[in-house]
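*Asks:* start39.txt is reproduced in full below (compact mmCIF, C-alpha atoms and all ligand atoms).
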```txt
# COMPACT_ATOMS: atom_id res chain seq x y z
CA MET A 1 58.51 -31.88 -52.85
CA SER A 2 60.51 -29.84 -55.40
CA LYS A 3 62.79 -31.78 -57.69
CA CYS A 4 66.28 -30.82 -58.82
CA VAL A 5 68.27 -32.64 -61.50
CA ILE A 6 72.03 -32.33 -61.19
CA ILE A 7 73.88 -33.05 -64.43
CA GLY A 8 77.35 -34.42 -63.63
CA GLY A 9 78.63 -36.38 -60.64
CA GLY A 10 81.98 -34.73 -59.89
CA PRO A 11 82.67 -32.93 -56.58
CA ALA A 12 80.46 -29.96 -57.60
CA GLY A 13 77.45 -32.13 -58.43
CA MET A 14 77.87 -34.44 -55.44
CA ASN A 15 78.12 -31.58 -52.94
CA ALA A 16 75.05 -29.93 -54.47
CA ALA A 17 73.19 -33.22 -53.97
CA LEU A 18 74.34 -33.48 -50.35
CA TYR A 19 73.07 -29.99 -49.49
CA LEU A 20 69.80 -30.37 -51.43
CA LYS A 21 68.95 -33.68 -49.83
CA ARG A 22 69.62 -32.30 -46.34
CA ALA A 23 67.41 -29.30 -47.20
CA GLY A 24 64.49 -31.58 -48.10
CA ILE A 25 64.64 -31.12 -51.88
CA GLU A 26 64.65 -34.21 -54.09
CA ALA A 27 68.08 -34.51 -55.71
CA ILE A 28 68.80 -36.66 -58.75
CA ILE A 29 72.32 -36.91 -60.16
CA ILE A 30 72.75 -37.93 -63.78
CA GLU A 31 76.29 -39.14 -64.48
CA LYS A 32 77.43 -40.60 -67.79
CA ASP A 33 80.51 -42.38 -66.44
CA MET A 34 81.51 -42.89 -62.79
CA LEU A 35 80.83 -40.64 -59.81
CA GLY A 36 84.02 -38.67 -59.12
CA GLY A 37 84.67 -36.75 -62.35
CA GLU A 38 88.20 -35.40 -62.79
CA MET A 39 89.19 -36.56 -59.29
CA LEU A 40 89.47 -40.01 -60.84
CA LYS A 41 92.29 -38.70 -63.04
CA THR A 42 94.58 -37.69 -60.21
CA ASN A 43 96.68 -40.01 -58.07
CA LYS A 44 97.50 -37.64 -55.23
CA ILE A 45 95.43 -34.78 -53.77
CA GLU A 46 97.10 -32.71 -51.07
CA ASN A 47 94.95 -29.59 -51.02
CA TYR A 48 91.52 -30.82 -49.96
CA LEU A 49 90.93 -29.76 -46.36
CA GLY A 50 90.66 -32.68 -43.96
CA PHE A 51 93.05 -34.95 -45.87
CA SER A 52 96.81 -34.28 -45.86
CA GLU A 53 97.09 -36.69 -48.74
CA ILE A 54 94.49 -38.84 -50.47
CA THR A 55 94.18 -40.44 -53.90
CA GLY A 56 91.55 -39.01 -56.22
CA GLY A 57 89.88 -42.44 -56.33
CA ASP A 58 89.60 -42.58 -52.54
CA LEU A 59 88.19 -39.07 -52.24
CA ALA A 60 85.67 -39.80 -55.00
CA LEU A 61 84.64 -43.02 -53.24
CA ARG A 62 84.17 -41.28 -49.88
CA MET A 63 82.02 -38.55 -51.47
CA SER A 64 79.92 -41.01 -53.48
CA ARG A 65 79.36 -43.24 -50.41
CA GLN A 66 78.19 -40.22 -48.41
CA ILE A 67 75.59 -39.16 -50.96
CA LYS A 68 74.42 -42.73 -51.62
CA ASP A 69 73.96 -43.23 -47.84
CA LEU A 70 71.79 -40.10 -47.79
CA GLY A 71 69.53 -41.61 -50.45
CA VAL A 72 70.38 -39.37 -53.41
CA THR A 73 69.06 -40.91 -56.64
CA ILE A 74 71.82 -41.60 -59.15
CA ILE A 75 71.10 -42.32 -62.80
CA LYS A 76 73.86 -43.56 -65.09
CA ASP A 77 73.07 -41.93 -68.43
CA LYS A 78 74.24 -39.12 -70.67
CA VAL A 79 72.24 -35.89 -70.88
CA LEU A 80 71.57 -34.95 -74.50
CA LYS A 81 69.22 -31.97 -74.18
CA VAL A 82 67.63 -29.64 -71.64
CA THR A 83 64.50 -27.68 -72.55
CA PHE A 84 62.12 -25.46 -70.59
CA ASN A 85 58.37 -25.31 -70.96
CA ASP A 86 56.67 -24.57 -67.63
CA LYS A 87 59.15 -27.10 -66.09
CA PHE A 88 62.60 -28.22 -67.20
CA GLU A 89 62.81 -31.39 -69.23
CA VAL A 90 66.13 -33.23 -69.08
CA GLN A 91 66.47 -35.68 -71.97
CA MET A 92 68.96 -38.52 -71.68
CA GLU A 93 69.87 -41.36 -74.00
CA LYS A 94 67.45 -43.74 -72.27
CA GLU A 95 64.80 -41.58 -70.57
CA SER A 96 63.54 -38.06 -69.76
CA ILE A 97 62.86 -36.33 -66.45
CA ASN A 98 60.83 -33.21 -65.66
CA CYS A 99 62.04 -31.08 -62.78
CA ASP A 100 61.76 -27.67 -61.11
CA TYR A 101 65.50 -26.89 -61.03
CA VAL A 102 68.59 -27.93 -62.96
CA ILE A 103 72.18 -27.72 -61.74
CA VAL A 104 74.76 -28.07 -64.51
CA ALA A 105 77.94 -29.66 -63.09
CA THR A 106 79.46 -31.24 -66.17
CA GLY A 107 83.03 -29.95 -65.80
CA ARG A 108 85.33 -29.65 -68.78
CA THR A 109 86.76 -31.95 -71.43
CA PRO A 110 90.52 -31.84 -72.10
CA ARG A 111 91.72 -29.26 -74.62
CA LYS A 112 93.51 -30.77 -77.62
CA LEU A 113 96.68 -29.63 -79.38
CA ASN A 114 94.80 -29.68 -82.70
CA LEU A 115 97.71 -31.26 -84.56
CA ALA A 116 97.45 -33.53 -87.59
CA GLY A 117 97.15 -37.17 -86.49
CA GLU A 118 96.19 -36.33 -82.89
CA ASP A 119 92.74 -37.95 -82.92
CA GLY A 120 93.92 -41.13 -84.65
CA LEU A 121 96.76 -41.55 -82.15
CA LEU A 122 94.48 -41.62 -79.12
CA ASN A 123 95.58 -44.69 -77.09
CA ARG A 124 98.45 -45.18 -79.56
CA GLY A 125 100.73 -42.51 -78.14
CA ILE A 126 98.43 -39.61 -77.31
CA SER A 127 96.68 -39.40 -73.93
CA TYR A 128 94.83 -36.77 -71.92
CA CYS A 129 95.12 -38.60 -68.56
CA ALA A 130 98.39 -39.86 -67.06
CA VAL A 131 96.72 -41.74 -64.21
CA CYS A 132 94.45 -43.57 -66.65
CA ASP A 133 97.07 -44.47 -69.29
CA GLY A 134 100.52 -44.05 -67.68
CA ALA A 135 101.00 -47.77 -67.02
CA PHE A 136 101.00 -48.47 -70.77
CA TYR A 137 104.25 -46.48 -71.06
CA ARG A 138 106.22 -48.18 -68.26
CA GLY A 139 109.97 -47.90 -68.89
CA LEU A 140 109.51 -45.73 -72.00
CA ASP A 141 110.24 -42.08 -72.84
CA VAL A 142 107.19 -39.80 -72.68
CA ALA A 143 106.36 -36.09 -72.54
CA ILE A 144 103.77 -33.84 -70.97
CA VAL A 145 102.52 -30.70 -72.70
CA GLY A 146 101.61 -27.97 -70.19
CA GLY A 147 103.04 -26.02 -67.28
CA GLY A 148 100.22 -25.81 -64.72
CA ASP A 149 99.50 -27.81 -61.55
CA SER A 150 97.83 -30.66 -63.44
CA ALA A 151 100.73 -30.95 -65.91
CA LEU A 152 103.38 -31.18 -63.19
CA THR A 153 101.25 -33.55 -61.07
CA GLU A 154 101.05 -35.80 -64.12
CA ALA A 155 104.81 -35.45 -64.82
CA LEU A 156 105.64 -36.53 -61.26
CA TYR A 157 103.29 -39.49 -61.53
CA LEU A 158 104.82 -40.59 -64.84
CA SER A 159 108.38 -40.14 -63.56
CA ASP A 160 107.86 -43.14 -61.25
CA LEU A 161 106.76 -45.33 -64.17
CA CYS A 162 108.63 -44.10 -67.22
CA ASN A 163 112.28 -43.89 -68.21
CA LYS A 164 112.32 -40.19 -69.04
CA VAL A 165 109.62 -37.50 -68.87
CA TYR A 166 109.94 -34.30 -70.88
CA VAL A 167 107.75 -31.33 -69.94
CA PHE A 168 107.12 -29.01 -72.89
CA VAL A 169 105.99 -25.56 -71.71
CA ARG A 170 104.90 -22.81 -74.10
CA LYS A 171 106.31 -20.06 -71.84
CA ASP A 172 107.21 -20.65 -68.18
CA LEU A 173 105.86 -23.01 -65.50
CA ARG A 174 102.68 -21.78 -63.77
CA ALA A 175 102.41 -24.63 -61.26
CA ASN A 176 102.73 -24.02 -57.53
CA GLU A 177 106.18 -23.85 -55.91
CA ILE A 178 105.88 -27.20 -54.12
CA LEU A 179 105.25 -29.05 -57.38
CA GLN A 180 108.02 -27.13 -59.16
CA SER A 181 110.60 -28.02 -56.51
CA ARG A 182 109.55 -31.71 -56.58
CA VAL A 183 109.99 -31.72 -60.34
CA LYS A 184 113.47 -30.15 -60.00
CA ASN A 185 114.47 -32.97 -57.65
CA LYS A 186 113.55 -35.69 -60.14
CA ASP A 187 116.52 -36.79 -62.26
CA ASN A 188 114.36 -38.20 -65.05
CA ILE A 189 112.15 -35.11 -65.64
CA VAL A 190 113.46 -32.62 -68.21
CA VAL A 191 111.58 -29.29 -68.36
CA MET A 192 111.86 -27.51 -71.72
CA LYS A 193 110.53 -23.92 -71.59
CA ASN A 194 109.47 -21.66 -74.48
CA VAL A 195 108.73 -24.57 -76.79
CA GLN A 196 105.63 -25.78 -78.61
CA VAL A 197 104.92 -29.09 -80.29
CA THR A 198 104.30 -28.32 -83.95
CA LYS A 199 104.15 -31.79 -85.49
CA LEU A 200 103.53 -35.41 -84.49
CA GLY A 201 105.67 -38.10 -86.11
CA TYR A 202 103.95 -41.48 -86.43
CA GLY A 203 103.37 -44.71 -88.28
CA GLU A 204 101.05 -47.11 -86.47
CA LYS A 205 101.95 -45.35 -83.21
CA LEU A 206 103.49 -42.07 -82.10
CA SER A 207 107.26 -42.14 -82.74
CA ASN A 208 108.47 -38.57 -82.18
CA VAL A 209 107.44 -34.92 -81.94
CA ILE A 210 108.86 -31.89 -83.71
CA LEU A 211 109.18 -28.71 -81.64
CA ASP A 212 109.02 -25.15 -82.95
CA ASN A 213 112.78 -24.79 -82.35
CA GLY A 214 113.30 -27.56 -84.92
CA ASP A 215 114.22 -30.30 -82.40
CA SER A 216 112.88 -33.80 -83.03
CA ILE A 217 112.38 -35.81 -79.85
CA ALA A 218 111.73 -39.56 -79.90
CA LEU A 219 108.77 -40.45 -77.68
CA SER A 220 106.38 -43.33 -77.06
CA GLY A 221 103.75 -41.22 -75.32
CA LEU A 222 102.59 -37.61 -75.31
CA PHE A 223 100.29 -36.53 -72.46
CA VAL A 224 98.37 -33.34 -73.14
CA ALA A 225 97.59 -31.29 -69.98
CA ILE A 226 96.66 -27.83 -71.25
CA GLY A 227 93.34 -27.36 -69.49
CA GLY A 228 89.89 -28.03 -70.79
CA VAL A 229 86.75 -26.60 -72.32
CA PRO A 230 83.14 -27.22 -71.25
CA GLU A 231 81.02 -29.33 -73.60
CA LEU A 232 77.56 -27.80 -73.40
CA ASN A 233 75.80 -28.81 -76.61
CA PHE A 234 72.93 -30.17 -74.50
CA LEU A 235 72.01 -26.58 -73.53
CA HIS A 236 71.64 -25.34 -77.12
CA ASP A 237 67.87 -24.86 -76.86
CA LEU A 238 68.25 -22.42 -73.94
CA ASP A 239 69.60 -18.92 -74.45
CA ILE A 240 72.17 -18.89 -71.65
CA ASP A 241 74.75 -16.11 -71.13
CA MET A 242 78.23 -17.54 -71.62
CA LYS A 243 81.78 -16.22 -71.42
CA ASN A 244 84.67 -17.88 -73.27
CA GLY A 245 82.60 -21.06 -73.56
CA TYR A 246 81.81 -21.18 -69.81
CA ILE A 247 78.41 -20.50 -68.16
CA LYS A 248 78.17 -17.07 -66.52
CA THR A 249 76.60 -17.10 -63.05
CA ASN A 250 76.01 -14.67 -60.21
CA ASP A 251 77.26 -15.27 -56.63
CA ARG A 252 74.31 -17.61 -56.02
CA MET A 253 75.43 -19.81 -58.97
CA GLU A 254 72.31 -18.79 -60.98
CA SER A 255 72.68 -18.62 -64.74
CA SER A 256 70.73 -16.16 -66.89
CA ILE A 257 67.92 -18.77 -67.04
CA LYS A 258 65.73 -18.78 -63.94
CA GLY A 259 65.95 -22.12 -62.16
CA LEU A 260 69.12 -23.23 -63.95
CA TYR A 261 72.36 -23.11 -61.96
CA ALA A 262 75.97 -23.87 -62.93
CA VAL A 263 78.68 -25.11 -60.55
CA GLY A 264 82.31 -26.20 -60.65
CA ASP A 265 84.55 -26.24 -63.72
CA VAL A 266 81.71 -25.51 -66.14
CA ARG A 267 81.26 -22.05 -64.61
CA TYR A 268 83.18 -18.92 -65.64
CA LYS A 269 85.44 -18.17 -62.64
CA ASN A 270 89.08 -17.79 -61.60
CA PHE A 271 89.95 -20.98 -59.74
CA TYR A 272 89.23 -24.53 -60.87
CA GLN A 273 89.80 -26.82 -57.91
CA ILE A 274 87.98 -29.62 -56.07
CA ILE A 275 87.27 -27.46 -53.04
CA THR A 276 85.94 -24.56 -55.13
CA ALA A 277 83.78 -26.96 -57.15
CA ALA A 278 82.36 -28.46 -53.94
CA SER A 279 81.74 -24.97 -52.57
CA ASP A 280 79.86 -23.93 -55.73
CA GLY A 281 77.63 -26.99 -55.32
CA ALA A 282 76.75 -26.05 -51.75
CA VAL A 283 75.99 -22.44 -52.72
CA ALA A 284 73.68 -23.50 -55.58
CA ALA A 285 71.78 -25.92 -53.33
CA LEU A 286 71.34 -23.35 -50.55
CA SER A 287 70.21 -20.73 -53.10
CA ILE A 288 67.61 -23.16 -54.44
CA LYS A 289 66.39 -23.84 -50.91
CA GLU A 290 66.12 -20.09 -50.28
CA ASP A 291 64.00 -19.57 -53.44
CA ASP A 292 61.87 -22.72 -53.12
C1 LIG A 301 95.19 -34.47 -63.71
C2 LIG A 301 94.40 -33.55 -62.81
C3 LIG A 301 94.81 -33.35 -61.50
C4 LIG A 301 94.08 -32.50 -60.67
N1 LIG A 301 94.53 -32.33 -59.38
C5 LIG A 301 93.82 -31.57 -58.54
C6 LIG A 301 94.24 -31.42 -57.17
O1 LIG A 301 95.25 -31.99 -56.75
N2 LIG A 301 93.50 -30.61 -56.36
C7 LIG A 301 92.39 -29.96 -56.80
O2 LIG A 301 91.74 -29.27 -56.00
N3 LIG A 301 91.96 -30.08 -58.08
C8 LIG A 301 92.66 -30.86 -58.97
N4 LIG A 301 92.23 -30.98 -60.27
C9 LIG A 301 91.04 -30.21 -60.71
C10 LIG A 301 89.73 -30.85 -60.19
O3 LIG A 301 89.75 -32.24 -60.43
C11 LIG A 301 88.52 -30.18 -60.85
O4 LIG A 301 88.57 -28.80 -60.64
C12 LIG A 301 87.19 -30.73 -60.27
O5 LIG A 301 87.12 -32.13 -60.40
C13 LIG A 301 86.00 -30.08 -60.97
O6 LIG A 301 84.83 -30.65 -60.47
P1 LIG A 301 83.43 -30.61 -61.28
O7 LIG A 301 82.48 -31.37 -60.43
O8 LIG A 301 83.12 -29.22 -61.65
O9 LIG A 301 83.71 -31.35 -62.65
P2 LIG A 301 84.26 -32.81 -62.99
O10 LIG A 301 85.08 -33.34 -61.88
O11 LIG A 301 84.88 -32.67 -64.33
O12 LIG A 301 82.93 -33.71 -63.10
C14 LIG A 301 82.02 -33.52 -64.15
C15 LIG A 301 81.22 -34.81 -64.33
O13 LIG A 301 80.16 -34.57 -65.26
C16 LIG A 301 79.99 -35.72 -66.07
N5 LIG A 301 79.34 -35.33 -67.33
C17 LIG A 301 79.83 -34.50 -68.30
N6 LIG A 301 78.93 -34.34 -69.29
C18 LIG A 301 77.83 -35.08 -68.95
C19 LIG A 301 76.57 -35.33 -69.58
N7 LIG A 301 76.23 -34.76 -70.76
N8 LIG A 301 75.70 -36.16 -68.97
C20 LIG A 301 76.00 -36.74 -67.77
N9 LIG A 301 77.19 -36.53 -67.13
C21 LIG A 301 78.09 -35.71 -67.71
C22 LIG A 301 81.41 -36.22 -66.29
O14 LIG A 301 81.43 -37.59 -66.65
C23 LIG A 301 82.04 -35.96 -64.91
O15 LIG A 301 81.94 -37.08 -64.04
C24 LIG A 301 92.92 -31.83 -61.14
C25 LIG A 301 92.49 -32.04 -62.46
C26 LIG A 301 93.21 -32.91 -63.31
C27 LIG A 301 92.74 -33.14 -64.72
```
Give the structure from the file, written as structure tokens.
Ligand SMILES: Cc1cc2nc3c(=O)[nH]c(=O)nc-3n(C[C@H](O)[C@H](O)[C@H](O)COP(=O)(O)OP(=O)(O)OC[C@H]3O[C@@H](n4cnc5c(N)ncnc54)[C@H](O)[C@@H]3O)c2cc1C
*Replies:*
Amino acid sequence: MSKCVIIGGGPAGMNAALYLKRAGIEAIIIEKDMLGGEMLKTNKIENYLGFSEITGGDLALRMSRQIKDLGVTIIKDKVLKVTFNDKFEVQMEKESINCDYVIVATGRTPRKLNLAGEDGLLNRGISYCAVCDGAFYRGLDVAIVGGGDSALTEALYLSDLCNKVYVFVRKDLRANEILQSRVKNKDNIVVMKNVQVTKLGYGEKLSNVILDNGDSIALSGLFVAIGGVPELNFLHDLDIDMKNGYIKTNDRMESSIKGLYAVGDVRYKNFYQIITAASDGAVAALSIKEDD
């Protein structure tokens, strides 16, 4: 039986595993944290077909149960390197696996503001996940940086916990109309357009931010929601075609390396959603089955 290692257990990786297993190909998911990926960072999902509304945690749990029930092998470890010599070798922190195919489904890591003090203030005022850290700022004034769907979803979530939520947007909001109108109806969300955070004020913790218009705003928490970038150091030994830091694929999800596929948020494409990630996973698995 051919063997495929899927690196990353978000919706893209889990759906790839589902389709591979049903096609009779051995599927092994390697996940460094918990199955679910970025879904675990969102409290409310309203655009995944079949569920009018579901929490990210619930959707992740349903997906992971489904693939576990099918008998997909899941290894909790971090992939450090992938090499190719006759077969692929996937090296993790604790072990190595040889396989016929690799599907890269590692998503993206949050993009930083790159401001002085940002790294040191992690968990002391700076966060990249409102659902994970919002409760630490209950009753306090916080801000979100970003104007997309994720930023406004996080602002709405924080508005139920925090005293006041600023939204700092570089230009204008890009989020969908439903989210924008919900934000407008919240008394404690203040959207500030055409502003950028230029400086963090802090002692032990974050105390305020300075904007490029000169305003200083007192804050206990700053949530950064300006997208992400793939972290693909583990592919350094392979000469893969990339675009803007993302893996380039064809319509079958094949990269420039034969036998290596990329799916979900790690792939260069237009739309980064749960349903598109899941779809990519299915396409990669069916393409592998076709070639096998
Ligand atoms: C706050 C927020 C709200 C969102 N809301 C929605 C929404 O309402 N609707 C929607 O459709 N989309 C939403 N999204 C986007 C959606 O979550 C992503 O598009 C989707 O999860 C991408 O799936 P993925 O499987 O490609 O990657 P991910 O979900 O990022 O999963 C990648 C997995 O790979 C693992 N991994 C990474 N590197 C390694 C390694 N070296 N070794 C082993 N494992 C590794 C990670 O731990 C992670 O579990 C939201 C995103 C955020 C941040």
*Asks:* For ligand LIG 301 (chain A), return the neighbouring residues as a ChimeraX atom specification (distance at most 7 Å; all atoms listed in the file).
*Replies:* /A:7-13,30-39,41-42,44-48,77-80,105-108,129,150-151,153-154,231,234,263-266,272-275,277
*Asks:* One decimal, in Å: what's the spacing between atom CA of Val145 of chain A and atom CA of Val197 of chain A?
*Replies:*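 Taking atom CA of Val145 of chain A as the start and atom CA of Val197 of chain A as the end point, the length is 8.1 Å.
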*Asks:* Could you tell me how far atom CA of Tyr101 of chain A lies from atom CA of Arg65 of chain A, in Å and to one decimal?
*Replies:*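 The value is 23.9 Å.
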*Asks:* Give me, as a PDB file with C-alpha atoms, in the coordinates of the input, all polymer residues having an atom no more than 7 Å from Cys99 of chain A, counting all atoms listed in the file and skipping those fewer than 3 positions away in the same chain.
*Replies:*
```pdb
ATOM      1  CA  LYS A   3      62.790 -31.780 -57.690  1.00  0.00           C
ATOM      2  CA  CYS A   4      66.280 -30.820 -58.820  1.00  0.00           C
ATOM      3  CA  VAL A   5      68.270 -32.640 -61.500  1.00  0.00           C
ATOM      4  CA  LYS A  87      59.150 -27.100 -66.090  1.00  0.00           C
ATOM      5  CA  PHE A  88      62.600 -28.220 -67.200  1.00  0.00           C
ATOM      6  CA  GLU A  89      62.810 -31.390 -69.230  1.00  0.00           C
TER       7      GLU A  89
END
```
*Asks:* Counting all atoms listed in the file, write as a PDB file with C-alpha atoms, keeping the file's coordinate frame all protein and nucleic acid residues lying at most 9 Å from (107.8, -34.5, -71.4) in the file's frame.
*Replies:*
```pdb
ATOM      1  CA  ASP A 141     110.240 -42.080 -72.840  1.00  0.00           C
ATOM      2  CA  VAL A 142     107.190 -39.800 -72.680  1.00  0.00           C
ATOM      3  CA  ALA A 143     106.360 -36.090 -72.540  1.00  0.00           C
ATOM      4  CA  ILE A 144     103.770 -33.840 -70.970  1.00  0.00           C
ATOM      5  CA  VAL A 145     102.520 -30.700 -72.700  1.00  0.00           C
ATOM      6  CA  ALA A 155     104.810 -35.450 -64.820  1.00  0.00           C
ATOM      7  CA  LYS A 164     112.320 -40.190 -69.040  1.00  0.00           C
ATOM      8  CA  VAL A 165     109.620 -37.500 -68.870  1.00  0.00           C
ATOM      9  CA  TYR A 166     109.940 -34.300 -70.880  1.00  0.00           C
ATOM     10  CA  VAL A 167     107.750 -31.330 -69.940  1.00  0.00           C
ATOM     11  CA  PHE A 168     107.120 -29.010 -72.890  1.00  0.00           C
ATOM     12  CA  ILE A 189     112.150 -35.110 -65.640  1.00  0.00           C
ATOM     13  CA  VAL A 190     113.460 -32.620 -68.210  1.00  0.00           C
ATOM     14  CA  VAL A 191     111.580 -29.290 -68.360  1.00  0.00           C
ATOM     15  CA  MET A 192     111.860 -27.510 -71.720  1.00  0.00           C
ATOM     16  CA  LEU A 219     108.770 -40.450 -77.680  1.00  0.00           C
ATOM     17  CA  GLY A 221     103.750 -41.220 -75.320  1.00  0.00           C
ATOM     18  CA  LEU A 222     102.590 -37.610 -75.310  1.00  0.00           C
ATOM     19  CA  PHE A 223     100.290 -36.530 -72.460  1.00  0.00           C
TER      20      PHE A 223
END
```
*Asks:* Please identify every residue of segment 21-54 of chain A that has at least one atom no farther than 12 Å from an atom of segment 278-287 of chain A, counting only C-alpha atoms, and for each give the shortest atom pair and the distance in Å to one decimal, arranged by chain then increasing number, as CSV.
*Replies:*
```
residue,atom,partner,partner_atom,distance
A:Lys21,CA,A:Ala285,CA,9.0
A:Arg22,CA,A:Ala285,CA,9.7
A:Ala23,CA,A:Leu286,CA,7.9
A:Gly24,CA,A:Ala285,CA,10.6
A:Ile25,CA,A:Ala285,CA,9.0
A:Glu26,CA,A:Ala285,CA,11.0
A:Ala27,CA,A:Ala285,CA,9.7
A:Gly36,CA,A:Ala278,CA,11.6
A:Met39,CA,A:Ala278,CA,11.9
A:Tyr48,CA,A:Ala278,CA,10.3
A:Leu49,CA,A:Ala278,CA,11.5
```
*Asks:* Which of these, A:Cys162, A:Lys193, A:Ser181, A:Arg170, has the shortest distance to Phe136 of chain A once you count all atoms listed in the file?
*Replies:* A:Cys162
*Asks:* Taking the block just given, write segment 78-84 of chain A to a file that holds all heavy atoms, as a PDB file, in the first residue's frame.
*Replies:*
```pdb
ATOM      1  N   LYS A  78       6.711  17.635  15.626  1.00  0.00           N
ATOM      2  CA  LYS A  78       6.951  18.766  14.727  1.00  0.00           C
ATOM      3  C   LYS A  78       7.886  18.327  13.606  1.00  0.00           C
ATOM      4  O   LYS A  78       8.944  17.734  13.877  1.00  0.00           O
ATOM      5  CB  LYS A  78       7.577  19.913  15.517  1.00  0.00           C
ATOM      6  CG  LYS A  78       7.829  21.131  14.679  1.00  0.00           C
ATOM      7  CD  LYS A  78       8.336  22.288  15.497  1.00  0.00           C
ATOM      8  CE  LYS A  78       8.576  23.458  14.573  1.00  0.00           C
ATOM      9  NZ  LYS A  78       9.052  24.638  15.237  1.00  0.00           N
ATOM     10  N   VAL A  79       7.501  18.606  12.363  1.00  0.00           N
ATOM     11  CA  VAL A  79       8.369  18.259  11.233  1.00  0.00           C
ATOM     12  C   VAL A  79       9.493  19.277  11.130  1.00  0.00           C
ATOM     13  O   VAL A  79       9.265  20.491  11.142  1.00  0.00           O
ATOM     14  CB  VAL A  79       7.554  18.184   9.920  1.00  0.00           C
ATOM     15  CG1 VAL A  79       8.482  18.039   8.723  1.00  0.00           C
ATOM     16  CG2 VAL A  79       6.581  17.014   9.980  1.00  0.00           C
ATOM     17  N   LEU A  80      10.734  18.762  11.049  1.00  0.00           N
ATOM     18  CA  LEU A  80      11.897  19.647  10.997  1.00  0.00           C
ATOM     19  C   LEU A  80      12.502  19.694   9.602  1.00  0.00           C
ATOM     20  O   LEU A  80      13.105  20.681   9.202  1.00  0.00           O
ATOM     21  CB  LEU A  80      12.970  19.154  11.978  1.00  0.00           C
ATOM     22  CG  LEU A  80      12.548  19.056  13.445  1.00  0.00           C
ATOM     23  CD1 LEU A  80      13.690  18.499  14.289  1.00  0.00           C
ATOM     24  CD2 LEU A  80      12.131  20.420  13.982  1.00  0.00           C
ATOM     25  N   LYS A  81      12.358  18.593   8.841  1.00  0.00           N
ATOM     26  CA  LYS A  81      13.020  18.531   7.534  1.00  0.00           C
ATOM     27  C   LYS A  81      12.346  17.494   6.635  1.00  0.00           C
ATOM     28  O   LYS A  81      11.955  16.427   7.113  1.00  0.00           O
ATOM     29  CB  LYS A  81      14.477  18.103   7.757  1.00  0.00           C
ATOM     30  CG  LYS A  81      15.422  18.501   6.669  1.00  0.00           C
ATOM     31  CD  LYS A  81      16.808  18.089   7.103  1.00  0.00           C
ATOM     32  CE  LYS A  81      17.853  18.763   6.280  1.00  0.00           C
ATOM     33  NZ  LYS A  81      19.191  18.339   6.667  1.00  0.00           N
ATOM     34  N   VAL A  82      12.247  17.811   5.348  1.00  0.00           N
ATOM     35  CA  VAL A  82      11.792  16.821   4.369  1.00  0.00           C
ATOM     36  C   VAL A  82      12.873  16.711   3.300  1.00  0.00           C
ATOM     37  O   VAL A  82      13.324  17.732   2.766  1.00  0.00           O
ATOM     38  CB  VAL A  82      10.460  17.230   3.707  1.00  0.00           C
ATOM     39  CG1 VAL A  82      10.019  16.186   2.683  1.00  0.00           C
ATOM     40  CG2 VAL A  82       9.363  17.429   4.756  1.00  0.00           C
ATOM     41  N   THR A  83      13.301  15.482   3.006  1.00  0.00           N
ATOM     42  CA  THR A  83      14.299  15.278   1.950  1.00  0.00           C
ATOM     43  C   THR A  83      13.754  14.232   0.977  1.00  0.00           C
ATOM     44  O   THR A  83      12.812  13.508   1.304  1.00  0.00           O
ATOM     45  CB  THR A  83      15.645  14.785   2.541  1.00  0.00           C
ATOM     46  OG1 THR A  83      15.378  13.658   3.364  1.00  0.00           O
ATOM     47  CG2 THR A  83      16.322  15.864   3.361  1.00  0.00           C
ATOM     48  N   PHE A  84      14.391  14.161  -0.209  1.00  0.00           N
ATOM     49  CA  PHE A  84      13.965  13.137  -1.169  1.00  0.00           C
ATOM     50  C   PHE A  84      15.179  12.392  -1.701  1.00  0.00           C
ATOM     51  O   PHE A  84      16.156  13.003  -2.133  1.00  0.00           O
ATOM     52  CB  PHE A  84      13.205  13.771  -2.344  1.00  0.00           C
ATOM     53  CG  PHE A  84      12.711  12.735  -3.309  1.00  0.00           C
ATOM     54  CD1 PHE A  84      11.560  12.015  -3.027  1.00  0.00           C
ATOM     55  CD2 PHE A  84      13.403  12.442  -4.474  1.00  0.00           C
ATOM     56  CE1 PHE A  84      11.103  11.025  -3.888  1.00  0.00           C
ATOM     57  CE2 PHE A  84      12.959  11.461  -5.349  1.00  0.00           C
ATOM     58  CZ  PHE A  84      11.800  10.758  -5.056  1.00  0.00           C
TER      59      PHE A  84
END
```
